[in-house]
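Novice: If it helps, the file is called my_file06.txt and holds compact mmCIF, C-alpha atoms:
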```txt
# COMPACT_ATOMS: atom_id res chain seq x y z
CA GLN Q 1 -0.43 16.72 -1.84
CA GLY Q 2 1.68 16.11 1.24
CA ALA Q 3 4.30 13.58 0.18
CA GLU Q 4 7.28 13.41 2.55
CA ALA Q 5 9.73 12.00 -0.01
CA PHE Q 6 9.95 11.28 -3.72
CA GLY Q 7 10.39 8.03 -5.61
CA PHE Q 8 12.12 8.58 -8.93
CA GLN Q 9 12.12 5.73 -11.47
CA ALA Q 10 14.84 6.57 -13.98
CA GLU Q 11 14.35 3.38 -16.00
CA GLY Q 12 11.32 5.09 -17.54
CA PHE Q 13 13.47 7.93 -18.92
CA ASP Q 14 15.31 7.95 -22.22
CA ARG Q 15 19.00 7.81 -21.44
CA ALA Q 16 19.64 11.34 -22.66
CA PHE Q 17 17.56 12.61 -19.75
CA ARG Q 18 19.52 10.72 -17.08
CA SER Q 19 22.37 13.23 -17.19
CA TYR Q 20 23.73 14.95 -14.09
CA ASP Q 21 22.50 18.39 -15.18
CA ASN Q 22 18.99 17.20 -15.97
CA LEU Q 23 18.64 15.24 -12.72
CA LYS Q 24 20.10 18.12 -10.72
CA GLU Q 25 17.49 20.48 -12.13
CA ILE Q 26 14.60 18.07 -11.48
CA PHE Q 27 15.77 17.32 -7.95
CA SER Q 28 15.98 21.05 -7.19
CA TYR Q 29 12.17 21.18 -7.28
CA MET Q 30 11.93 18.52 -4.56
CA GLU Q 31 12.79 21.11 -1.90
CA GLY Q 32 15.36 19.04 -0.05
CA LYS Q 33 13.06 16.09 0.59
CA PRO Q 34 14.61 12.57 0.44
CA ILE Q 35 14.77 11.02 -3.03
CA TYR Q 36 14.48 7.25 -3.47
CA TYR Q 37 16.05 6.48 -6.87
CA THR Q 38 15.74 3.39 -9.06
CA ASP Q 39 17.30 2.52 -12.42
CA TYR Q 40 16.12 -1.05 -12.84
CA ARG Q 41 17.20 -3.46 -15.54
CA ARG Q 42 13.60 -4.69 -15.61
CA GLY Q 43 11.41 -2.40 -17.69
CA ASN Q 44 14.32 -0.15 -18.66
CA LYS Q 45 13.89 1.98 -21.77
CA CYS Q 46 17.48 1.00 -22.59
CA PRO Q 47 17.46 -2.78 -22.03
CA GLU Q 48 20.88 -3.12 -23.66
CA LEU Q 49 22.64 -1.37 -20.74
CA SER Q 50 24.85 -3.55 -18.57
CA ASP Q 51 24.59 -3.56 -14.78
CA GLU Q 52 27.95 -1.77 -14.68
CA VAL Q 53 26.51 1.08 -16.78
CA LEU Q 54 23.44 1.20 -14.55
CA CYS Q 55 25.79 1.54 -11.58
CA ASP Q 56 27.39 4.57 -13.24
CA GLU Q 57 23.95 6.09 -13.76
CA LEU Q 58 23.01 5.44 -10.13
CA MET Q 59 26.18 7.20 -8.97
CA THR Q 60 25.34 10.15 -11.23
CA ALA Q 61 21.95 10.39 -9.55
CA LEU Q 62 23.52 10.21 -6.09
CA ARG Q 63 25.89 13.07 -6.91
CA ALA Q 64 22.95 15.05 -8.32
CA GLY Q 65 21.06 14.80 -5.04
CA ALA Q 66 19.38 11.39 -4.71
CA SER Q 67 19.61 10.00 -1.19
CA LEU Q 68 18.44 6.35 -1.27
CA ILE Q 69 19.82 4.23 -4.12
CA ASP Q 70 18.06 1.01 -5.13
CA ILE Q 71 20.35 -1.94 -5.93
CA PRO Q 72 18.58 -5.10 -7.14
CA GLY Q 73 19.60 -8.21 -5.24
CA ASP Q 74 20.66 -9.87 -8.49
CA PHE Q 75 22.88 -7.06 -9.77
CA PHE Q 76 25.79 -8.50 -11.80
CA CYS Q 77 24.09 -11.92 -12.05
CA PRO Q 78 20.44 -11.86 -13.20
CA SER Q 79 18.56 -14.45 -11.17
CA GLN Q 80 15.05 -15.64 -10.43
CA GLY Q 81 13.36 -13.54 -7.79
CA GLU Q 82 16.06 -10.85 -8.10
CA ILE Q 83 18.38 -12.42 -5.55
CA THR Q 84 21.71 -14.00 -6.43
CA THR Q 85 24.14 -16.00 -4.32
CA ASN Q 86 26.88 -15.95 -6.97
CA ILE Q 87 30.09 -15.21 -5.04
CA ASP Q 88 31.61 -12.84 -7.60
CA ALA Q 89 28.35 -10.93 -8.02
CA VAL Q 90 27.93 -10.57 -4.26
CA LYS Q 91 31.48 -9.18 -3.99
CA LYS Q 92 30.67 -6.59 -6.66
CA GLN Q 93 27.44 -5.68 -4.87
CA LYS Q 94 29.27 -5.15 -1.58
CA ALA Q 95 31.92 -3.01 -3.27
CA PHE Q 96 29.26 -0.86 -4.94
CA ILE Q 97 27.36 -0.48 -1.66
CA ASP Q 98 30.60 0.69 -0.03
CA GLU Q 99 31.07 3.24 -2.82
CA ILE Q 100 27.55 4.62 -2.29
CA HIS Q 101 28.10 4.87 1.46
CA GLU Q 102 31.45 6.62 0.97
CA THR Q 103 29.71 9.15 -1.30
CA GLY Q 104 27.15 9.90 1.40
CA GLY Q 105 24.17 7.90 0.17
CA GLU Q 106 22.11 5.06 1.57
CA VAL Q 107 21.29 1.77 -0.12
CA LEU Q 108 18.00 -0.02 -0.52
CA MET Q 109 18.48 -3.56 -1.84
CA SER Q 110 15.42 -4.87 -3.67
CA SER Q 111 14.20 -8.31 -4.64
CA HIS Q 112 11.03 -8.34 -6.73
CA VAL Q 113 10.11 -11.99 -6.21
CA LEU Q 114 6.68 -11.34 -7.78
CA ARG Q 115 5.18 -14.60 -6.53
CA TYR Q 116 3.88 -15.89 -3.24
CA ILE Q 117 6.55 -17.27 -0.89
CA PRO Q 118 6.27 -18.25 2.81
CA LYS Q 119 7.33 -15.83 5.50
CA GLU Q 120 10.53 -17.73 6.35
CA SER Q 121 11.71 -17.28 2.76
CA VAL Q 122 11.02 -13.55 2.98
CA LEU Q 123 13.21 -13.33 6.09
CA THR Q 124 15.99 -15.32 4.40
CA ILE Q 125 16.12 -12.88 1.46
CA ALA Q 126 16.08 -9.87 3.78
CA ARG Q 127 18.99 -11.29 5.77
CA LEU Q 128 21.00 -11.63 2.55
CA HIS Q 129 20.33 -7.94 1.86
CA LYS Q 130 21.50 -7.09 5.37
CA GLU Q 131 24.68 -9.16 5.04
CA ARG Q 132 25.62 -7.26 1.87
CA GLY Q 133 25.46 -3.91 3.65
CA ALA Q 134 22.07 -2.53 2.62
CA ASP Q 135 20.45 0.11 4.82
CA VAL Q 136 16.93 -0.95 3.76
CA SER Q 137 15.64 -4.31 2.53
CA LYS Q 138 12.86 -4.22 -0.06
CA ILE Q 139 10.99 -7.39 -1.03
CA VAL Q 140 7.92 -7.65 -3.25
CA THR Q 141 5.91 -10.87 -3.26
CA GLU Q 142 2.31 -11.64 -4.23
CA ALA Q 143 -1.01 -12.30 -2.51
CA ASN Q 144 -4.05 -13.56 -4.41
CA THR Q 145 -5.96 -15.31 -1.60
CA SER Q 146 -6.83 -14.41 1.98
CA GLU Q 147 -4.42 -17.11 3.16
CA GLU Q 148 -1.56 -15.62 1.15
CA LEU Q 149 -2.42 -12.16 2.45
CA GLN Q 150 -2.32 -13.46 6.02
CA GLU Q 151 1.10 -15.01 5.39
CA ASN Q 152 2.37 -11.71 4.03
CA MET Q 153 1.08 -9.93 7.13
CA GLU Q 154 2.92 -12.46 9.30
CA ALA Q 155 6.06 -11.99 7.19
CA SER Q 156 5.97 -8.26 7.92
CA LEU Q 157 5.80 -8.93 11.65
CA LEU Q 158 8.59 -11.50 11.38
CA LEU Q 159 10.85 -8.96 9.65
CA GLU Q 160 10.11 -6.43 12.36
CA ARG Q 161 11.01 -8.91 15.12
CA LYS Q 162 13.95 -10.74 13.58
CA LEU Q 163 15.71 -8.65 10.93
CA GLY Q 164 17.18 -5.67 12.79
CA LEU Q 165 17.16 -3.53 9.64
CA LYS Q 166 14.79 -1.05 8.04
CA HIS Q 167 12.59 -2.81 5.52
CA LEU Q 168 9.95 -2.21 2.88
CA PHE Q 169 7.91 -5.36 2.36
CA LEU Q 170 5.15 -5.26 -0.25
CA CYS Q 171 3.01 -7.60 -2.24
CA ASN Q 172 1.24 -7.42 -5.58
CA GLY Q 173 -1.79 -9.45 -6.61
CA THR Q 174 -5.53 -9.17 -6.11
CA MET Q 175 -5.24 -9.01 -2.30
CA CYS Q 176 -2.32 -6.60 -2.06
CA LYS Q 177 -3.97 -3.26 -1.29
CA LEU Q 178 -4.65 -3.80 2.43
CA HIS Q 179 -1.08 -4.95 3.05
CA ARG Q 180 0.30 -1.87 1.30
CA LYS Q 181 -1.99 0.48 3.21
CA ILE Q 182 -1.15 -0.77 6.69
CA GLY Q 183 2.51 -1.62 6.02
CA PRO Q 184 3.88 1.11 8.34
CA PHE Q 185 1.87 -0.35 11.24
CA LEU Q 186 3.48 -3.74 10.57
CA GLY Q 187 7.01 -2.35 10.51
CA SER Q 188 7.67 -1.04 7.00
CA SER Q 189 9.90 2.03 7.10
CA MET Q 190 8.09 3.74 4.24
CA CYS Q 191 4.89 3.59 2.24
CA LEU Q 192 4.90 3.86 -1.54
CA VAL Q 193 2.01 5.95 -2.85
CA THR Q 194 0.87 7.63 -6.02
CA GLU Q 195 -0.69 11.04 -6.63
CA ASP Q 196 -4.36 11.42 -5.77
CA ASN Q 197 -5.29 11.93 -9.42
CA ALA Q 198 -3.40 8.84 -10.65
CA ASP Q 199 -4.86 5.37 -11.08
CA ILE Q 200 -2.27 2.64 -10.52
CA GLN Q 201 -3.46 -0.85 -9.74
CA ASN Q 202 -1.31 -1.66 -6.71
CA GLN Q 203 -0.38 1.70 -5.23
CA PRO Q 204 -2.61 3.50 -2.73
CA ARG Q 205 -3.00 7.27 -3.09
CA ILE Q 206 -1.32 9.90 -0.92
CA SER Q 207 -4.60 11.01 0.67
CA GLU Q 208 -5.55 7.42 1.57
CA ILE Q 209 -2.29 6.79 3.40
CA LYS Q 210 -2.25 10.15 5.16
CA SER Q 211 -5.79 9.51 6.39
CA ILE Q 212 -4.82 6.07 7.71
CA LEU Q 213 -1.67 7.37 9.41
CA ASN Q 214 -3.60 10.21 11.01
```
Could I get this structure in the form of structure tokens?
Specialist:
Amino acid sequence: QGAEAFGFQAEGFDRAFRSYDNLKEIFSYMEGKPIYYTDYRRGNKCPELSDEVLCDELMTALRAGASLIDIPGDFFCPSQGEITTNIDAVKKQKAFIDEIHETGGEVLMSSHVLRYIPKESVLTIARLHKERGADVSKIVTEANTSEELQENMEASLLLERKLGLKHLFLCNGTMCKLHRKIGPFLGSSMCLVTEDNADIQNQPRISEIKSILN
């Protein structure tokens, strides 16, 4: 349907299917397109796995062909809004980011805040991602009123002007769709979409985004 990259959410897989051989076979059908790979603690089919084990799984995916590895901003220290300032946790994050870079991958650091926050707070979180060595900053907030949507729009423009790093800024909530659809025009480096025949509340479809971009 015209997707330019693939998002692969391993947390939805049973652990037996996260093996190198299985991922390598799946990735072979993606015809060399970039693969954005997540293995979140949140919503994981194996909630008992430690962050260290999730790191091992992320490295397996990288070696199997994934190109952009998602590291939550609260890895090694679960925190509200998925961003930690714990010194030891931050050191571990930086070391893991270095390992991914040395293996040839890129890092997206994500913070699913999942509530409305002002634009200055969005920029503060993104700068923490940048300081830790991420190649892309991903932040997800919320917008349920026109005023909150406007603030999210302004946050996107602020990131584009002030951050100096690729970013993916999204919101959920009843007013989120417009922000997601025009994100690339506000500075987002990618647009997350779903297949045309899927029905997911927050995600626009491939055909919608391609029509807007064209």
Novice: Which residues of stretch 5-58 of chain Q have any atom within 12 Å of an atom in stretch 112-116 of chain Q when counting only C-alpha atoms, and what is the closest pair of atoms for each, with the distance in Å to one decimal? Order the rows by chain and rising number and write it as JSON lines.
Specialist:
```
{"residue": "Q:Tyr40", "atom": "CA", "partner": "Q:His112", "partner_atom": "CA", "distance": 10.8}
{"residue": "Q:Arg41", "atom": "CA", "partner": "Q:His112", "partner_atom": "CA", "distance": 11.8}
{"residue": "Q:Arg42", "atom": "CA", "partner": "Q:His112", "partner_atom": "CA", "distance": 9.9}
```
Novice: One decimal, Å: what's the distance from atom CA of Q:Lys24 over to atom CA of Q:Phe96, could you say?
Specialist: 21.9 Å
Novice: Taking all atoms listed in the file into account, which of Q:Phe185, Q:Phe169, Q:Tyr29, Q:Tyr37 comes nearest Q:Glu57?
Specialist: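 Once distances to Q:Glu57 are computed over all atoms listed in the file, the minimum belongs to Q:Tyr37.
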Novice: Contacts of stretch 14-20 of chain Q at 6 Å or less, counting only C-alpha atoms, minus same-chain residues fewer than 3 places along, as a list in words?
Specialist: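 Listing them by chain and then by number gives Leu23, Lys24, Thr60 and Ala64 of chain Q.
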Novice: Only C-alpha atoms, please: the residues just picked out, written as a short mmCIF file (atom, residue, chain, number, x, y, z; two decimals), in the frame of the given file.
Specialist:
```cif
data_model
loop_
_atom_site.label_atom_id
_atom_site.label_comp_id
_atom_site.auth_asym_id
_atom_site.auth_seq_id
_atom_site.Cartn_x
_atom_site.Cartn_y
_atom_site.Cartn_z
CA LEU Q 23 18.64 15.24 -12.72
CA LYS Q 24 20.10 18.12 -10.72
CA THR Q 60 25.34 10.15 -11.23
CA ALA Q 64 22.95 15.05 -8.32
#
```
Novice: Between Q:Leu192, Q:Ile97, Q:Ile83, Q:Ala66, single out the one closest to Q:Leu168, counting all atoms listed in the file.
Specialist: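 For Q:Leu168, the nearest of the given residues is Q:Leu192.
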Novice: Would you mind reading off the distance between atom CA of Q:Ala5 and atom CA of Q:Lys177, one decimal, in Å?
Specialist: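 Separation between atom CA of Q:Ala5 and atom CA of Q:Lys177: 20.5 Å.
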Novice: Around (-6.0, -17.9, -7.4) in the file's frame, which residues reach within 12 Å when counting all atoms listed in the file? Return as JSON, numbers by chain?
Specialist: {"Q": [115, 116, 142, 143, 144, 145, 146, 147, 148, 149, 173, 174, 175]}
Novice: How big is the axis-aligned box around the listed atoms of stretch 101-107 of chain Q once 5 Å is added on each side, and where is its centre? Give both in Å to one decimal, as AutoDock Vina command-line options.
Specialist:
```
--center_x 26.4 --center_y 5.8 --center_z 0.1 --size_x 20.2 --size_y 18.1 --size_z 12.9
```
Novice: Find the spatial neighbours of Q:Ile206, counting only C-alpha atoms, within a cut-off of 8 Å - ignore same-chain residues fewer than 5 positions away - and output them as a list of chain:residue names.
Specialist: Q:Gln1, Q:Gly2, Q:Ala3, Q:Val193, Q:Thr194, Q:Glu195, Q:Asp196
Novice: Return the single residue from Q:Leu123, Q:Val53, Q:Leu165, Q:Arg132 that is closest to Q:Ile87, with distances computed using only C-alpha atoms.
Specialist: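 Of Q:Leu123, Q:Val53, Q:Leu165, Q:Arg132, the one nearest Q:Ile87, counting only C-alpha atoms, is Q:Arg132.
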Novice: Near Q:Ser111, within 7 Å and counting all atoms listed in the file, which residues show up once chain neighbours fewer than 6 positions away are dropped, as a PDB file with C-alpha atoms, keeping the file's coordinate frame?
Specialist:
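And here's result_21.pdb as it stands now:
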```
ATOM      1  CA  PRO Q  72      18.580  -5.100  -7.140  1.00  0.00           C
ATOM      2  CA  GLY Q  73      19.600  -8.210  -5.240  1.00  0.00           C
ATOM      3  CA  GLY Q  81      13.360 -13.540  -7.790  1.00  0.00           C
ATOM      4  CA  GLU Q  82      16.060 -10.850  -8.100  1.00  0.00           C
ATOM      5  CA  ILE Q  83      18.380 -12.420  -5.550  1.00  0.00           C
ATOM      6  CA  LYS Q 138      12.860  -4.220  -0.060  1.00  0.00           C
ATOM      7  CA  ILE Q 139      10.990  -7.390  -1.030  1.00  0.00           C
ATOM      8  CA  VAL Q 140       7.920  -7.650  -3.250  1.00  0.00           C
TER       9      VAL Q 140
END
```
Novice: How many Å lie between atom CA of Q:Thr38 and atom CA of Q:Asp51, rounded to one decimal?
Specialist: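 According to the coordinates, atom CA of Q:Thr38 and atom CA of Q:Asp51 are separated by 12.6 Å.
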Novice: Can you list, as a JSON list (two decimals) with C-alpha atoms, keeping the file's coordinate frame, every protein, DNA or RNA residue that comes within 12 Å of Q:Thr85 when you count all atoms listed in the file, leaving out same-chain residues fewer than 3 positions away?
Specialist:
```
[["chain", "number", "residue", "atom", "x", "y", "z"],
["Q", 73, "GLY", "CA", 19.60, -8.21, -5.24],
["Q", 74, "ASP", "CA", 20.66, -9.87, -8.49],
["Q", 75, "PHE", "CA", 22.88, -7.06, -9.77],
["Q", 76, "PHE", "CA", 25.79, -8.50, -11.80],
["Q", 77, "CYS", "CA", 24.09, -11.92, -12.05],
["Q", 78, "PRO", "CA", 20.44, -11.86, -13.20],
["Q", 79, "SER", "CA", 18.56, -14.45, -11.17],
["Q", 80, "GLN", "CA", 15.05, -15.64, -10.43],
["Q", 81, "GLY", "CA", 13.36, -13.54, -7.79],
["Q", 82, "GLU", "CA", 16.06, -10.85, -8.10],
["Q", 88, "ASP", "CA", 31.61, -12.84, -7.60],
["Q", 89, "ALA", "CA", 28.35, -10.93, -8.02],
["Q", 90, "VAL", "CA", 27.93, -10.57, -4.26],
["Q", 91, "LYS", "CA", 31.48, -9.18, -3.99],
["Q", 92, "LYS", "CA", 30.67, -6.59, -6.66],
["Q", 93, "GLN", "CA", 27.44, -5.68, -4.87],
["Q", 124, "THR", "CA", 15.99, -15.32, 4.40],
["Q", 125, "ILE", "CA", 16.12, -12.88, 1.46],
["Q", 128, "LEU", "CA", 21.00, -11.63, 2.55],
["Q", 129, "HIS", "CA", 20.33, -7.94, 1.86],
["Q", 131, "GLU", "CA", 24.68, -9.16, 5.04],
["Q", 132, "ARG", "CA", 25.62, -7.26, 1.87]]
```
Novice: Just the residues within 10 Å of stretch 98-107 of chain Q, please, counting all atoms listed in the file, with nothing from its chain fewer than 5 positions along; format it as a PyMOL selection string.
Specialist: chain Q and resi 36-37+55+58-59+62-63+65-71+92-93+129+132-137
Novice: I need the residue nearest Q:Leu163 from this list: Q:Val122, Q:Leu178, Q:Leu213, Q:Cys46. Use all atoms listed in the file for the distance.
Specialist: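 Distance minimum relative to Q:Leu163 lands on Q:Val122.
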